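Just data05.pdb here, PDB, N, CA and C atoms and all ligand atoms:
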```
ATOM      1  N   MET A 159     -10.321  -0.066   4.815
ATOM      2  CA  MET A 159     -10.294  -1.480   4.434
ATOM      3  C   MET A 159      -9.417  -2.260   5.394
ATOM      4  N   VAL A 160      -9.752  -3.526   5.564
ATOM      5  CA  VAL A 160      -8.997  -4.349   6.514
ATOM      6  C   VAL A 160      -8.072  -5.332   5.811
ATOM      7  N   ASP A 161      -8.027  -5.249   4.512
ATOM      8  CA  ASP A 161      -7.159  -6.175   3.788
ATOM      9  C   ASP A 161      -6.181  -5.363   2.936
ATOM     10  N   LEU A 162      -5.174  -4.814   3.601
ATOM     11  CA  LEU A 162      -4.182  -4.010   2.886
ATOM     12  C   LEU A 162      -2.832  -4.714   3.008
ATOM     13  N   LYS A 163      -2.532  -5.508   2.027
ATOM     14  CA  LYS A 163      -1.258  -6.236   2.004
ATOM     15  C   LYS A 163      -0.179  -5.331   1.426
ATOM     16  N   CYS A 164       0.972  -5.348   2.044
ATOM     17  CA  CYS A 164       2.067  -4.512   1.552
ATOM     18  C   CYS A 164       3.391  -5.258   1.651
ATOM     19  N   LEU A 165       4.117  -5.231   0.571
ATOM     20  CA  LEU A 165       5.410  -5.921   0.549
ATOM     21  C   LEU A 165       6.577  -4.990   0.852
ATOM     22  N   ARG A 166       6.288  -3.725   1.127
ATOM     23  CA  ARG A 166       7.372  -2.794   1.453
ATOM     24  C   ARG A 166       7.712  -2.959   2.940
ATOM     25  N   GLU A 167       8.545  -3.929   3.213
ATOM     26  CA  GLU A 167       8.762  -4.367   4.596
ATOM     27  C   GLU A 167       9.546  -3.384   5.453
ATOM     28  N   ASP A 168      10.243  -2.433   4.838
ATOM     29  CA  ASP A 168      11.030  -1.498   5.665
ATOM     30  C   ASP A 168      10.229  -0.264   6.080
ATOM     31  N   CYS A 169       8.913  -0.253   5.795
ATOM     32  CA  CYS A 169       8.083   0.896   6.180
ATOM     33  C   CYS A 169       7.683   0.770   7.651
ATOM     34  N   VAL A 170       7.655   1.897   8.371
ATOM     35  CA  VAL A 170       7.298   1.860   9.790
ATOM     36  C   VAL A 170       5.890   1.311  10.017
ATOM     37  N   PHE A 171       5.035   1.419   9.022
ATOM     38  CA  PHE A 171       3.638   0.977   9.186
ATOM     39  C   PHE A 171       3.415  -0.481   8.803
ATOM     40  N   ASN A 172       4.456  -1.148   8.349
ATOM     41  CA  ASN A 172       4.307  -2.527   7.880
ATOM     42  C   ASN A 172       4.539  -3.513   9.028
ATOM     43  N   LYS A 173       3.551  -4.373   9.235
ATOM     44  CA  LYS A 173       3.707  -5.441  10.227
ATOM     45  C   LYS A 173       3.298  -6.748   9.572
ATOM     46  N   SER A 174       4.270  -7.625   9.380
ATOM     47  CA  SER A 174       4.007  -8.923   8.761
ATOM     48  C   SER A 174       3.251  -8.784   7.451
ATOM     49  N   CYS A 175       3.657  -7.827   6.660
ATOM     50  CA  CYS A 175       3.069  -7.581   5.331
ATOM     51  C   CYS A 175       1.639  -7.052   5.383
ATOM     52  N   ASN A 176       1.206  -6.539   6.543
ATOM     53  CA  ASN A 176      -0.062  -5.827   6.629
ATOM     54  C   ASN A 176       0.231  -4.367   6.985
ATOM     55  N   CYS A 177      -0.514  -3.453   6.379
ATOM     56  CA  CYS A 177      -0.324  -2.037   6.690
ATOM     57  C   CYS A 177      -1.092  -1.691   7.960
ATOM     58  N   HIS A 178      -0.438  -1.016   8.902
ATOM     59  CA  HIS A 178      -1.065  -0.641  10.165
ATOM     60  C   HIS A 178      -1.246   0.868  10.302
ATOM     61  N   ALA A 179      -1.139   1.600   9.201
ATOM     62  CA  ALA A 179      -1.428   3.035   9.260
ATOM     63  C   ALA A 179      -2.939   3.230   9.356
ATOM     64  N   ASP A 180      -3.373   4.310  10.018
ATOM     65  CA  ASP A 180      -4.810   4.594  10.075
ATOM     66  C   ASP A 180      -5.321   5.074   8.720
ATOM     67  N   LYS A 181      -4.426   5.757   8.005
ATOM     68  CA  LYS A 181      -4.830   6.328   6.706
ATOM     69  C   LYS A 181      -3.604   6.389   5.821
ATOM     70  N   ILE A 182      -3.771   6.046   4.559
ATOM     71  CA  ILE A 182      -2.683   6.246   3.613
ATOM     72  C   ILE A 182      -3.197   7.036   2.413
ATOM     73  N   SER A 183      -2.269   7.665   1.721
ATOM     74  CA  SER A 183      -2.609   8.417   0.504
ATOM     75  C   SER A 183      -1.877   7.802  -0.670
ATOM     76  N   VAL A 184      -2.629   7.560  -1.727
ATOM     77  CA  VAL A 184      -2.057   7.004  -2.953
ATOM     78  C   VAL A 184      -2.153   8.080  -4.039
ATOM     79  N   SER A 185      -1.054   8.278  -4.749
ATOM     80  CA  SER A 185      -0.988   9.381  -5.717
ATOM     81  C   SER A 185      -1.673   9.012  -7.034
ATOM     82  N   ASP A 186      -1.742   9.985  -7.925
ATOM     83  CA  ASP A 186      -2.326   9.743  -9.251
ATOM     84  C   ASP A 186      -1.498   8.750 -10.064
ATOM     85  N   LYS A 187      -0.291   8.468  -9.597
ATOM     86  CA  LYS A 187       0.554   7.476 -10.267
ATOM     87  C   LYS A 187       0.683   6.194  -9.444
ATOM     88  N   THR A 188      -0.242   5.979  -8.534
ATOM     89  CA  THR A 188      -0.375   4.770  -7.703
ATOM     90  C   THR A 188       0.703   4.613  -6.630
ATOM     91  N   GLU A 189       1.490   5.657  -6.408
ATOM     92  CA  GLU A 189       2.525   5.572  -5.366
ATOM     93  C   GLU A 189       1.897   5.714  -3.984
ATOM     94  N   CYS A 190       2.328   4.886  -3.024
ATOM     95  CA  CYS A 190       1.907   5.087  -1.632
ATOM     96  C   CYS A 190       2.747   6.218  -1.050
ATOM     97  N   GLN A 191       2.098   7.368  -0.844
ATOM     98  CA  GLN A 191       2.824   8.544  -0.370
ATOM     99  C   GLN A 191       2.979   8.544   1.142
ATOM    100  N   SER A 192       2.376   7.559   1.800
ATOM    101  CA  SER A 192       2.495   7.471   3.263
ATOM    102  C   SER A 192       3.671   6.606   3.688
ATOM    103  N   TYR A 193       4.374   6.050   2.729
ATOM    104  CA  TYR A 193       5.567   5.244   3.028
ATOM    105  C   TYR A 193       6.567   6.044   3.846
ATOM    106  N   LYS A 194       7.011   5.427   4.957
ATOM    107  CA  LYS A 194       7.990   6.085   5.828
ATOM    108  C   LYS A 194       9.042   5.042   6.191
ATOM    109  N   PRO A 195      10.260   5.223   5.724
ATOM    110  CA  PRO A 195      11.288   4.211   5.995
ATOM    111  C   PRO A 195      11.572   4.092   7.484
ATOM    112  N   SER A 196      11.684   2.880   7.965
ATOM    113  CA  SER A 196      12.027   2.649   9.365
ATOM    114  C   SER A 196      13.531   2.759   9.555
ATOM    115  N   GLU A 197      13.932   3.250  10.728
ATOM    116  CA  GLU A 197      15.369   3.299  11.025
ATOM    117  C   GLU A 197      15.842   1.973  11.602
ATOM    118  N   GLN A 198      14.876   1.125  11.935
ATOM    119  CA  GLN A 198      15.223  -0.166  12.528
ATOM    120  C   GLN A 198      15.781  -1.102  11.461
ATOM    121  N   LYS A 199      16.992  -1.580  11.702
ATOM    122  CA  LYS A 199      17.586  -2.509  10.740
ATOM    123  C   LYS A 199      16.885  -3.864  10.860
ATOM    124  N   ASN A 200      16.895  -4.628   9.811
ATOM    125  CA  ASN A 200      16.239  -5.945   9.685
ATOM    126  C   ASN A 200      14.825  -5.945  10.277
ATOM    127  N   LYS A 201      14.086  -4.846  10.043
ATOM    128  CA  LYS A 201      12.741  -4.708  10.599
ATOM    129  C   LYS A 201      11.846  -5.880  10.222
ATOM    130  N   HIS A 202      11.920  -6.318   8.972
ATOM    131  CA  HIS A 202      10.989  -7.359   8.532
ATOM    132  C   HIS A 202      11.258  -8.685   9.246
ATOM    133  N   GLU A 203      12.480  -8.898   9.700
ATOM    134  CA  GLU A 203      12.757 -10.121  10.463
ATOM    135  C   GLU A 203      12.079 -10.034  11.831
ATOM    136  N   VAL A 204      12.182  -8.870  12.462
ATOM    137  CA  VAL A 204      11.561  -8.668  13.780
ATOM    138  C   VAL A 204      10.046  -8.816  13.683
ATOM    139  N   ASP A 205       9.497  -8.429  12.543
ATOM    140  CA  ASP A 205       8.041  -8.449  12.364
ATOM    141  C   ASP A 205       7.481  -9.832  12.066
ATOM    142  N   LYS A 206       8.333 -10.808  11.928
ATOM    143  CA  LYS A 206       7.833 -12.126  11.530
ATOM    144  C   LYS A 206       7.122 -12.814  12.704
ATOM    145  N   ILE A 207       5.915 -12.378  12.916
ATOM    146  CA  ILE A 207       5.084 -12.902  13.991
ATOM    147  C   ILE A 207       3.813 -13.457  13.367
ATOM    148  N   PRO A 208       3.078 -14.311  14.097
ATOM    149  CA  PRO A 208       1.836 -14.842  13.506
ATOM    150  C   PRO A 208       0.865 -13.724  13.142
ATOM    151  N   GLN A 209       0.095 -13.953  12.094
ATOM    152  CA  GLN A 209      -0.888 -12.961  11.661
ATOM    153  C   GLN A 209      -1.917 -12.725  12.766
ATOM    154  N   ALA A 210      -2.218 -11.457  13.029
ATOM    155  CA  ALA A 210      -3.235 -11.135  14.032
ATOM    156  C   ALA A 210      -4.605 -11.541  13.503
ATOM    157  N   PRO A 211      -5.496 -12.080  14.376
ATOM    158  CA  PRO A 211      -6.824 -12.476  13.906
ATOM    159  C   PRO A 211      -7.661 -11.292  13.433
ATOM    160  N   ILE A 212      -7.419 -10.111  14.021
ATOM    161  CA  ILE A 212      -8.150  -8.913  13.592
ATOM    162  C   ILE A 212      -7.163  -7.978  12.911
ATOM    163  N   ARG A 213      -7.464  -7.588  11.694
ATOM    164  CA  ARG A 213      -6.546  -6.734  10.961
ATOM    165  C   ARG A 213      -6.891  -5.265  11.161
ATOM    166  N   HIS A 214      -5.877  -4.449  10.993
ATOM    167  CA  HIS A 214      -6.048  -3.007  11.148
ATOM    168  C   HIS A 214      -6.929  -2.453  10.018
ATOM    169  N   ASN A 215      -7.768  -1.496  10.357
ATOM    170  CA  ASN A 215      -8.631  -0.876   9.347
ATOM    171  C   ASN A 215      -7.973   0.419   8.870
ATOM    172  N   THR A 216      -7.554   0.429   7.641
ATOM    173  CA  THR A 216      -6.846   1.583   7.079
ATOM    174  C   THR A 216      -7.712   2.250   6.030
ATOM    175  N   SER A 217      -7.901   3.556   6.152
ATOM    176  CA  SER A 217      -8.634   4.232   5.074
ATOM    177  C   SER A 217      -7.632   4.690   4.014
ATOM    178  N   VAL A 218      -8.042   4.564   2.765
ATOM    179  CA  VAL A 218      -7.133   4.799   1.638
ATOM    180  C   VAL A 218      -7.714   5.893   0.747
ATOM    181  N   SER A 219      -7.035   7.037   0.715
ATOM    182  CA  SER A 219      -7.421   8.060  -0.268
ATOM    183  C   SER A 219      -6.555   7.871  -1.502
ATOM    184  N   CYS A 220      -7.121   8.150  -2.664
ATOM    185  CA  CYS A 220      -6.398   7.832  -3.894
ATOM    186  C   CYS A 220      -6.800   8.775  -5.025
ATOM    187  N   LEU A 221      -5.803   9.180  -5.798
ATOM    188  CA  LEU A 221      -6.039  10.080  -6.925
ATOM    189  C   LEU A 221      -5.805   9.405  -8.273
ATOM    190  N   ALA A 222      -5.557   8.099  -8.251
ATOM    191  CA  ALA A 222      -5.234   7.408  -9.509
ATOM    192  C   ALA A 222      -6.497   7.233 -10.368
ATOM    193  N   PRO A 223      -6.338   7.211 -11.689
ATOM    194  CA  PRO A 223      -7.479   7.000 -12.596
ATOM    195  C   PRO A 223      -7.854   5.516 -12.641
ATOM    196  N   CYS A 224      -8.373   5.032 -11.531
ATOM    197  CA  CYS A 224      -8.570   3.593 -11.306
ATOM    198  C   CYS A 224     -10.058   3.295 -11.136
ATOM    199  N   LEU A 225     -10.472   2.100 -11.528
ATOM    200  CA  LEU A 225     -11.877   1.686 -11.385
ATOM    201  C   LEU A 225     -12.347   1.710  -9.933
ATOM    202  N   PHE A 226     -11.433   1.528  -9.008
ATOM    203  CA  PHE A 226     -11.802   1.464  -7.586
ATOM    204  C   PHE A 226     -11.765   2.825  -6.894
ATOM    205  N   GLU A 227     -11.480   3.870  -7.665
ATOM    206  CA  GLU A 227     -11.433   5.220  -7.082
ATOM    207  C   GLU A 227     -12.810   5.862  -7.166
ATOM    208  N   ASN A 228     -13.271   6.426  -6.026
ATOM    209  CA  ASN A 228     -14.554   7.121  -5.999
ATOM    210  C   ASN A 228     -14.427   8.326  -5.072
ATOM    211  N   CYS A 229     -14.570   9.518  -5.634
ATOM    212  CA  CYS A 229     -14.450  10.753  -4.858
ATOM    213  C   CYS A 229     -13.145  10.793  -4.059
ATOM    214  N   ASN A 230     -12.072  10.420  -4.713
ATOM    215  CA  ASN A 230     -10.721  10.433  -4.121
ATOM    216  C   ASN A 230     -10.523   9.415  -2.999
ATOM    217  N   ASP A 231     -11.422   8.454  -2.899
ATOM    218  CA  ASP A 231     -11.240   7.356  -1.949
ATOM    219  C   ASP A 231     -11.165   6.039  -2.702
ATOM    220  N   CYS A 232     -10.451   5.076  -2.121
ATOM    221  CA  CYS A 232     -10.415   3.737  -2.698
ATOM    222  C   CYS A 232     -11.577   2.928  -2.130
ATOM    223  N   ILE A 233     -12.377   2.317  -2.998
ATOM    224  CA  ILE A 233     -13.535   1.553  -2.539
ATOM    225  C   ILE A 233     -13.334   0.048  -2.737
ATOM    226  N   ALA A 234     -12.102  -0.363  -3.041
ATOM    227  CA  ALA A 234     -11.822  -1.801  -3.165
ATOM    228  C   ALA A 234     -11.928  -2.454  -1.784
ATOM    229  N   ASN A 235     -12.269  -3.743  -1.763
ATOM    230  CA  ASN A 235     -12.321  -4.461  -0.475
ATOM    231  C   ASN A 235     -10.934  -4.635   0.110
ATOM    232  N   GLY A 236      -9.957  -4.704  -0.760
ATOM    233  CA  GLY A 236      -8.575  -4.856  -0.307
ATOM    234  C   GLY A 236      -7.645  -4.484  -1.430
ATOM    235  N   ILE A 237      -6.424  -4.127  -1.085
ATOM    236  CA  ILE A 237      -5.433  -3.829  -2.121
ATOM    237  C   ILE A 237      -4.095  -4.467  -1.736
ATOM    238  N   THR A 238      -3.238  -4.552  -2.737
ATOM    239  CA  THR A 238      -1.878  -5.033  -2.506
ATOM    240  C   THR A 238      -0.907  -3.952  -2.957
ATOM    241  N   VAL A 239      -0.027  -3.580  -2.056
ATOM    242  CA  VAL A 239       1.008  -2.597  -2.384
ATOM    243  C   VAL A 239       2.315  -3.353  -2.574
ATOM    244  N   LEU A 240       2.943  -3.107  -3.710
ATOM    245  CA  LEU A 240       4.220  -3.767  -3.987
ATOM    246  C   LEU A 240       5.375  -2.843  -3.665
ATOM    247  N   SER A 241       6.508  -3.472  -3.428
ATOM    248  CA  SER A 241       7.675  -2.718  -3.014
ATOM    249  C   SER A 241       8.136  -1.741  -4.089
ATOM    250  N   TYR A 242       8.189  -2.205  -5.343
ATOM    251  CA  TYR A 242       8.656  -1.369  -6.445
ATOM    252  C   TYR A 242       7.661  -1.425  -7.592
ATOM    253  N   PRO A 243       7.543  -0.357  -8.343
ATOM    254  CA  PRO A 243       6.558  -0.342  -9.429
ATOM    255  C   PRO A 243       6.929  -1.214 -10.609
ATOM    256  N   ASP A 244       8.184  -1.672 -10.700
ATOM    257  CA  ASP A 244       8.593  -2.444 -11.871
ATOM    258  C   ASP A 244       7.710  -3.677 -12.089
ATOM    259  N   ASN A 245       7.160  -4.200 -10.989
ATOM    260  CA  ASN A 245       6.361  -5.418 -11.076
ATOM    261  C   ASN A 245       4.921  -5.154 -11.491
ATOM    262  N   VAL A 246       4.543  -3.901 -11.572
ATOM    263  CA  VAL A 246       3.136  -3.587 -11.786
ATOM    264  C   VAL A 246       2.865  -3.357 -13.256
ATOM    265  N   LYS A 247       2.012  -4.199 -13.806
ATOM    266  CA  LYS A 247       1.654  -4.030 -15.198
ATOM    267  C   LYS A 247       0.536  -2.996 -15.315
ATOM    268  N   ASN A 248       0.546  -2.263 -16.405
ATOM    269  CA  ASN A 248      -0.534  -1.331 -16.708
ATOM    270  C   ASN A 248      -0.614  -0.160 -15.739
ATOM    271  N   SER A 249       0.427   0.053 -14.950
ATOM    272  CA  SER A 249       0.358   1.148 -13.994
ATOM    273  C   SER A 249       0.790   2.449 -14.678
ATOM    274  N   PRO A 250       0.275   3.591 -14.198
ATOM    275  CA  PRO A 250       0.633   4.854 -14.842
ATOM    276  C   PRO A 250       1.995   5.372 -14.384
ATOM    277  N   ALA A 251       3.010   4.532 -14.474
ATOM    278  CA  ALA A 251       4.410   4.914 -14.255
ATOM    279  C   ALA A 251       4.662   5.693 -12.977
ATOM    280  N   PRO A 252       4.517   5.041 -11.825
ATOM    281  CA  PRO A 252       4.864   5.717 -10.577
ATOM    282  C   PRO A 252       6.371   5.920 -10.493
ATOM    283  N   PRO A 253       6.830   6.787  -9.566
ATOM    284  CA  PRO A 253       8.263   7.051  -9.462
ATOM    285  C   PRO A 253       9.034   5.774  -9.154
ATOM    286  N   LYS A 254      10.245   5.710  -9.637
ATOM    287  CA  LYS A 254      11.088   4.534  -9.413
ATOM    288  C   LYS A 254      11.325   4.317  -7.923
ATOM    289  N   GLU A 255      11.368   3.062  -7.542
ATOM    290  CA  GLU A 255      11.734   2.638  -6.193
ATOM    291  C   GLU A 255      10.768   3.119  -5.112
ATOM    292  N   LYS A 256       9.549   3.457  -5.500
ATOM    293  CA  LYS A 256       8.535   3.813  -4.513
ATOM    294  C   LYS A 256       7.522   2.677  -4.438
ATOM    295  N   PRO A 257       6.958   2.426  -3.236
ATOM    296  CA  PRO A 257       5.909   1.413  -3.165
ATOM    297  C   PRO A 257       4.676   1.890  -3.921
ATOM    298  N   CYS A 258       3.983   0.971  -4.560
ATOM    299  CA  CYS A 258       2.819   1.405  -5.327
ATOM    300  C   CYS A 258       1.745   0.323  -5.315
ATOM    301  N   CYS A 259       0.510   0.752  -5.611
ATOM    302  CA  CYS A 259      -0.644  -0.128  -5.553
ATOM    303  C   CYS A 259      -0.703  -1.013  -6.796
ATOM    304  N   ALA A 260      -0.722  -2.312  -6.563
ATOM    305  CA  ALA A 260      -0.760  -3.279  -7.670
ATOM    306  C   ALA A 260      -2.189  -3.662  -8.034
ATOM    307  N   THR A 261      -3.162  -3.153  -7.285
ATOM    308  CA  THR A 261      -4.561  -3.485  -7.553
ATOM    309  C   THR A 261      -5.152  -2.540  -8.595
ATOM    310  N   PHE A 262      -4.375  -1.547  -8.978
ATOM    311  CA  PHE A 262      -4.812  -0.547  -9.983
ATOM    312  C   PHE A 262      -5.415  -1.201 -11.220
ATOM    313  N   LEU A 263      -6.593  -0.727 -11.595
ATOM    314  CA  LEU A 263      -7.233  -1.124 -12.860
ATOM    315  C   LEU A 263      -7.681   0.161 -13.549
ATOM    316  N   ARG A 264      -7.161   0.396 -14.718
ATOM    317  CA  ARG A 264      -7.458   1.664 -15.384
ATOM    318  C   ARG A 264      -8.960   1.809 -15.681
ATOM    319  N   LYS A 265      -9.506   3.006 -15.440
ATOM    320  CA  LYS A 265     -10.933   3.292 -15.702
ATOM    321  C   LYS A 265     -11.233   3.217 -17.188
TER     322      LYS A 265
HETATM  323  S1  LIG B   1       4.340   1.524   2.216
HETATM  324 FE1  LIG B   1       2.273   2.378   2.379
HETATM  325  S2  LIG B   1       0.891   0.598   2.313
HETATM  326 FE2  LIG B   1       2.960  -0.145   2.781
HETATM  327  S3  LIG B   1       3.019  -0.287   5.035
HETATM  328 FE3  LIG B   1       3.857   1.711   4.410
HETATM  329  S4  LIG B   1       2.134   3.142   4.515
HETATM  330 FE4  LIG B   1       1.298   1.056   4.485
HETATM  331  S1  LIG B   2      -7.024  -0.044  -6.098
HETATM  332 FE1  LIG B   2      -7.088   1.766  -7.397
HETATM  333  S2  LIG B   2      -8.269   3.287  -6.194
HETATM  334 FE2  LIG B   2      -7.539   1.687  -4.782
HETATM  335  S3  LIG B   2      -5.589   2.504  -3.973
HETATM  336 FE3  LIG B   2      -5.119   1.154  -5.726
HETATM  337  S4  LIG B   2      -4.970   2.560  -7.487
HETATM  338 FE4  LIG B   2      -6.061   3.637  -5.846
END
```
Go ahead and express the file in the form of structure tokens.
Amino acid sequence: MVDLKCLREDCVFNKSCNCHADKISVSDKTECQSYKPSEQKNKHEVDKIPQAPIRHNTSVSCLAPCLFENCNDCIANGITVLSYPDNVKNSPAPPKEKPCCATFLRK
């Protein structure tokens, strides 16, 4: 998918709130398991550049019991990953302080 918004700004794959990983894995509890903390301090400030006209295409595998899950792949046109699960309603309780998919809709 080319519309993967992510608010976890300290991840190495995050550029201006877009995910630039080629592939990410989302757990059965909606956690983004591909999150990798950057060692670069104030990374999100450095990333504040204009949005690229062409977005990165990221494939998303997912094990969550979600309407958009099909054969362990996400088939949504786009998803939003939030920094912490506390903001996600109806989510199957992902681990604390991990980024997680906010587009989850229970099957
Ligand atoms: S936390 Fe996950 S979705 Fe967000 S930029 Fe990192 S790998 Fe991509
Ligand atoms: S929208 Fe659903 S299937 Fe897609 S990554 Fe999020 S939880 Fe998984």
Test item: residues at most 5 Å from Val170 of chain A, all atoms listed in the file, excluding those fewer than 5 positions along its chain, as a PyMOL selection string: chain A and resi 194-196
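Counting all atoms listed in the file, the residue from A:Ser192, A:Gln198, A:Thr261, A:Thr216 that sits nearest to Asp180 of chain A is A:Thr216.
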Which residues are near ligand LIG 1 (chain B) - at most 6.5 Å, using all atoms listed in the file? Format: as a PyMOL selection string. chain A and resi 163-166+169-173+176-179+182+190-194+239+257
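Distances to Ser217 of chain A were evaluated for A:Glu197, A:Asp231, A:Asp186, A:Glu255 using all atoms listed in the file, and the minimum falls at A:Asp231.
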Name the residues within 6 Å of (-1.9, 6.9, -8.7), counting only N, CA and C atoms in the file's coordinates, and put them as a ChimeraX atom specification. /A:184-189,221-223
How big is the axis-aligned box around all listed atoms of ligand LIG 2 (chain B) once 6 Å goes on each side, and where's its centre, in Å to one decimal, as lines of an AutoDock Vina configuration file?
```
center_x = -6.6
center_y = 1.8
center_z = -5.7
size_x = 15.3
size_y = 15.7
size_z = 15.5
```
Output as CSV one row per residue of chain A within 5 Å of ligand LIG 2 (chain B): the closest atom pair and its distance in Å to one decimal place, counting all atoms listed in the file, sorted by chain and residue number ascending.
```
residue,atom,partner,partner_atom,distance
A:Cys220,CA,B:LIG2,FE4,4.6
A:Cys224,CA,B:LIG2,FE1,4.6
A:Phe226,C,B:LIG2,S2,3.6
A:Glu227,N,B:LIG2,S2,3.6
A:Cys232,CA,B:LIG2,FE2,4.1
A:Cys259,CA,B:LIG2,FE3,4.7
A:Thr261,C,B:LIG2,S1,4.0
A:Phe262,CA,B:LIG2,S4,4.0
A:Leu263,N,B:LIG2,FE1,4.9
```
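Pairwise distance (atom CA of Thr238 of chain A, atom C of Ala260 of chain A) equals 5.7 Å.
Rounded to one decimal, atom N of Cys229 of chain A and atom CA of Ile212 of chain A lie 27.4 Å from each other.
Residues in contact with Met159 of chain A at up to 8 Å, not including ones fewer than 5 positions away on its chain and judged by only N, CA and C atoms, are Arg213, His214, Asn215, Thr216, Ser217, Val218, Cys232, Ile233, Ala234, Asn235, Gly236 and Ile237 of chain A.
Relative to atom N of Glu167 of chain A, atom CA of Lys256 of chain A is found at 10.9 Å.
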